Structure formats: C-alpha cells, structure tokens
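One file, work.cif, carrying mmCIF, C-alpha atoms:
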data_structure
loop_
_atom_site.group_PDB
_atom_site.id
_atom_site.type_symbol
_atom_site.label_atom_id
_atom_site.label_comp_id
_atom_site.auth_asym_id
_atom_site.auth_seq_id
_atom_site.Cartn_x
_atom_site.Cartn_y
_atom_site.Cartn_z
ATOM 1 C CA MET A 1 280.965 114.968 65.656
ATOM 2 C CA ASN A 2 278.931 113.281 63.010
ATOM 3 C CA LEU A 3 281.068 111.011 60.821
ATOM 4 C CA ILE A 4 278.715 111.103 57.837
ATOM 5 C CA ASN A 5 278.635 114.912 57.802
ATOM 6 C CA ASN A 6 282.416 115.036 58.146
ATOM 7 C CA ILE A 7 282.898 112.696 55.190
ATOM 8 C CA ARG A 8 280.417 114.641 53.069
ATOM 9 C CA SER A 9 282.185 117.908 53.826
ATOM 10 C CA LEU A 10 285.670 116.731 52.780
ATOM 11 C CA ARG A 11 287.271 118.939 50.125
ATOM 12 C CA SER A 12 290.602 118.977 48.331
ATOM 13 C CA THR A 13 292.410 122.266 48.640
ATOM 14 C CA ARG A 14 294.627 123.477 45.825
ATOM 15 C CA LYS A 15 294.756 127.181 46.586
ATOM 16 C CA TYR A 16 296.776 128.333 49.555
ATOM 17 C CA SER A 17 297.421 131.615 51.292
ATOM 18 C CA LYS A 18 300.974 132.871 51.515
ATOM 19 C CA LYS A 19 300.629 133.041 55.294
ATOM 20 C CA ASN A 20 303.680 131.791 57.157
ATOM 21 C CA ILE A 21 303.007 128.605 59.098
ATOM 22 C CA GLN A 22 304.710 128.531 62.490
ATOM 23 C CA PHE A 23 306.859 125.490 63.209
ATOM 24 C CA GLU A 24 304.848 124.861 66.382
ATOM 25 C CA THR A 25 301.692 124.449 64.284
ATOM 26 C CA ILE A 26 303.425 121.948 61.988
ATOM 27 C CA ALA A 27 304.752 120.057 65.020
ATOM 28 C CA ASP A 28 301.236 119.935 66.498
ATOM 29 C CA ILE A 29 299.841 118.483 63.252
ATOM 30 C CA ILE A 30 302.507 115.780 63.172
ATOM 31 C CA ASP A 31 302.062 115.054 66.872
ATOM 32 C CA ILE A 32 298.325 114.521 66.405
ATOM 33 C CA ALA A 33 298.879 112.418 63.271
ATOM 34 C CA ARG A 34 301.116 109.963 65.119
ATOM 35 C CA PHE A 35 298.024 108.662 66.933
ATOM 36 C CA SER A 36 296.849 107.142 63.634
ATOM 37 C CA HIS A 37 296.509 103.388 63.480
ATOM 38 C CA SER A 38 299.451 101.346 62.249
ATOM 39 C CA SER A 39 299.886 97.586 62.036
ATOM 40 C CA ASP A 40 301.555 96.269 65.206
ATOM 41 C CA ASN A 41 302.012 99.943 66.139
ATOM 42 C CA LEU A 42 304.986 99.989 63.751
ATOM 43 C CA GLN A 43 304.628 103.711 63.049
ATOM 44 C CA ASN A 44 306.776 103.149 59.964
ATOM 45 C CA TRP A 45 306.601 106.729 58.787
ATOM 46 C CA ARG A 46 308.987 109.631 58.781
ATOM 47 C CA PHE A 47 308.112 113.224 57.987
ATOM 48 C CA ILE A 48 310.109 115.759 56.039
ATOM 49 C CA ILE A 49 308.989 119.365 56.395
ATOM 50 C CA ILE A 50 309.734 121.318 53.230
ATOM 51 C CA LYS A 51 309.554 125.096 53.172
ATOM 52 C CA ASP A 52 312.425 125.967 50.833
ATOM 53 C CA PRO A 53 311.048 126.920 47.362
ATOM 54 C CA GLU A 54 313.928 125.250 45.488
ATOM 55 C CA THR A 55 313.509 122.012 47.420
ATOM 56 C CA LYS A 56 309.765 122.090 46.711
ATOM 57 C CA LYS A 57 310.547 122.394 42.981
ATOM 58 C CA HIS A 58 312.713 119.261 43.151
ATOM 59 C CA VAL A 59 309.942 117.358 44.920
ATOM 60 C CA ILE A 60 307.334 118.528 42.422
ATOM 61 C CA LYS A 61 309.434 117.164 39.533
ATOM 62 C CA GLU A 62 308.669 113.701 40.926
ATOM 63 C CA CYS A 63 304.938 114.442 41.101
ATOM 64 C CA PRO A 64 303.622 114.833 37.530
ATOM 65 C CA ASP A 65 300.881 117.436 37.033
ATOM 66 C CA GLN A 66 301.004 118.546 40.671
ATOM 67 C CA ASP A 67 302.474 122.035 40.159
ATOM 68 C CA TRP A 68 299.716 123.470 42.335
ATOM 69 C CA MET A 69 301.663 122.159 45.332
ATOM 70 C CA LEU A 70 304.264 124.881 44.753
ATOM 71 C CA THR A 71 301.774 127.424 46.075
ATOM 72 C CA ALA A 72 301.527 125.713 49.467
ATOM 73 C CA PRO A 73 303.666 127.468 52.090
ATOM 74 C CA VAL A 74 304.782 124.094 53.517
ATOM 75 C CA LEU A 75 304.923 120.548 52.194
ATOM 76 C CA ILE A 76 305.021 117.611 54.557
ATOM 77 C CA ALA A 77 306.483 114.562 52.841
ATOM 78 C CA VAL A 78 305.414 111.282 54.419
ATOM 79 C CA CYS A 79 308.140 108.691 53.903
ATOM 80 C CA CYS A 80 307.329 105.004 54.209
ATOM 81 C CA ILE A 81 309.921 102.852 56.010
ATOM 82 C CA LYS A 82 309.139 99.283 54.990
ATOM 83 C CA ASP A 83 311.987 97.258 56.516
ATOM 84 C CA GLU A 84 310.403 96.508 59.908
ATOM 85 C CA ALA A 85 307.060 95.528 58.378
ATOM 86 C CA LYS A 86 308.777 93.235 55.872
ATOM 87 C CA LYS A 87 310.784 91.641 58.688
ATOM 88 C CA ASN A 88 307.608 90.975 60.691
ATOM 89 C CA TYR A 89 305.248 89.998 57.862
ATOM 90 C CA GLY A 90 307.373 88.947 54.901
ATOM 91 C CA ALA A 91 308.108 90.936 51.759
ATOM 92 C CA ASP A 92 304.680 91.107 50.109
ATOM 93 C CA MET A 93 302.458 91.527 53.176
ATOM 94 C CA GLY A 94 305.004 93.801 54.868
ATOM 95 C CA ASP A 95 305.130 96.061 51.822
ATOM 96 C CA LEU A 96 301.346 96.246 51.735
ATOM 97 C CA LEU A 97 300.924 96.947 55.463
ATOM 98 C CA ALA A 98 303.700 99.560 55.515
ATOM 99 C CA THR A 99 302.087 101.368 52.583
ATOM 100 C CA GLN A 100 298.649 101.170 54.220
ATOM 101 C CA ASN A 101 300.040 102.577 57.475
ATOM 102 C CA CYS A 102 301.433 105.605 55.651
ATOM 103 C CA SER A 103 298.223 106.015 53.668
ATOM 104 C CA ILE A 104 296.233 106.102 56.906
ATOM 105 C CA ILE A 105 298.418 108.750 58.508
ATOM 106 C CA THR A 106 298.374 110.837 55.356
#
As structure tokens - that is how I would like this structure written.
Amino acid sequence: MNLINNIRSLRSTRKYSKKNIQFETIADIIDIARFSHSSDNLQNWRFIIIKDPETKKHVIKECPDQDWMLTAPVLIAVCCIKDEAKKNYGADMGDLLATQNCSIIT
C-alpha cells in the first residue's frame, strides 16, 4: 500500500445505506482497531455499539449539527477512560495522552 495515495483518497462519509451490519463485522472492526498505538499500551478506550434509533437520538443531542449520524445503521461510541493514564503520568499529561490514545483508535 502506498501511504500517500491512501491519505489523498480519504473521504468523510455522511450518507449511509440502510443495510444491516452483522455483529460479527462490528466485532472484527473493533478487534482490528485494538492494535492501534496507545501510550504504555494502556488501551484506555471502551466501545459502545449503538443500533437502537432512540438511543442514537439521545447521543446526537450531545453532538450539535451532527444529525446526519442518525442515518448510519450503527454508531460506535469510543469512550475515553482517563484514570490509569492520570495515575501513571499525572493529571495534565495523563489527560492529554488518554485523549490522544482514543483519537488514534478513532
């Protein structure tokens, strides 16, 4: 694979098919994602798989101007657990590293 071509071909998707996504596919995506880098291999993330339309509406309320996400058949919320990083690196650096770890996996 050519990194430069991959970066140039990145696109944001905001239109989704209504096709049902099998749980096995979602599990595969999360399994692959866990190989992402994290400071001290903390892996300070948790995933919440959201398929229920009402739950998606509640999530979207916290994401201004992101109503397009309601059309996605599945949302995967990446939750950042900062406690371990703060314990290892102190409050400020731990907060930063924990956030970076979750940004990388996302």
| task | Quick one: everything within 12 Å of Tyr89 in chain A, counting only C-alpha atoms, minus sequence neighbours fewer than 6 positions away in the same chain. Send it as a PyMOL selection string. | result | chain A and resi 39-40+42+82-83+95-98
Excluding range 69-78 of chain A and its own-chain neighbours fewer than 2 positions away, which residues fall within 6 Å of it when counting all atoms listed in the file? Please give them as a short mmCIF file (atom, residue, chain, number, x, y, z; two decimals) with C-alpha atoms, keeping the file's coordinate frame.
data_model
loop_
_atom_site.label_atom_id
_atom_site.label_comp_id
_atom_site.auth_asym_id
_atom_site.auth_seq_id
_atom_site.Cartn_x
_atom_site.Cartn_y
_atom_site.Cartn_z
CA TYR A 16 296.78 128.33 49.56
CA ARG A 46 308.99 109.63 58.78
CA PHE A 47 308.11 113.22 57.99
CA ILE A 48 310.11 115.76 56.04
CA ILE A 49 308.99 119.36 56.40
CA ILE A 50 309.73 121.32 53.23
CA LYS A 51 309.55 125.10 53.17
CA GLN A 66 301.00 118.55 40.67
CA ASP A 67 302.47 122.04 40.16
#
| field | Atomic separation - CA of Lys15 in chain A relative to CA of Trp68 in chain A, Å | value | 7.5 Å
| field | Polymer residues at most 7 Å from range 34-38 of chain A, all atoms listed in the file, same-chain spacing of 4 or more positions, as a ChimeraX atom specification | value | /A:30,42-43,101,104-105
| Which is closest to Cys102 in chain A among A:Ala33, A:Ile60, A:Ile26, A:Asp52, if we use only C-alpha atoms? |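 Of A:Ala33, A:Ile60, A:Ile26, A:Asp52, the one nearest Cys102 in chain A is A:Ala33, counting only C-alpha atoms.
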| request: For CA of Thr55 in chain A and CA of Ile21 in chain A, quote the distance in Å rounded to one decimal. | output: 17.0 Å
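Nearest-residue note for Ser103 in chain A: choosing from A:Ile7, A:Cys80, A:Ala91, A:Cys63, the minimum distance belongs to A:Cys80, counting all atoms listed in the file.
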| query | Suppose you want the space between CA of Ile81 in chain A and CA of Val59 in chain A; what is it in Å? | reply |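 If I compute the distance from CA of Ile81 in chain A to CA of Val59 in chain A, I get 18.3 Å.
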Write out as JSON an axis-aligned box for range 30-42 of chain A: all of its atoms listed in the file, 8 Å added on each side, centre and edge lengths in Å with one decimal.
{"center_x": 300.7, "center_y": 106.0, "center_z": 64.5, "size_x": 24.5, "size_y": 35.5, "size_z": 20.9}
| request: Using all atoms listed in the file, find the one residue out of A:Leu10, A:Thr99, A:Ala27, A:Asn2 that sits nearest to Cys79 in chain A. | output: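 The answer is A:Thr99, which sits nearest to Cys79 in chain A.
Nearest to Gln100 in chain A of all the residues A:Asn44, A:Lys87, A:Ile29, A:Pro53 is A:Asn44, counting all atoms listed in the file.
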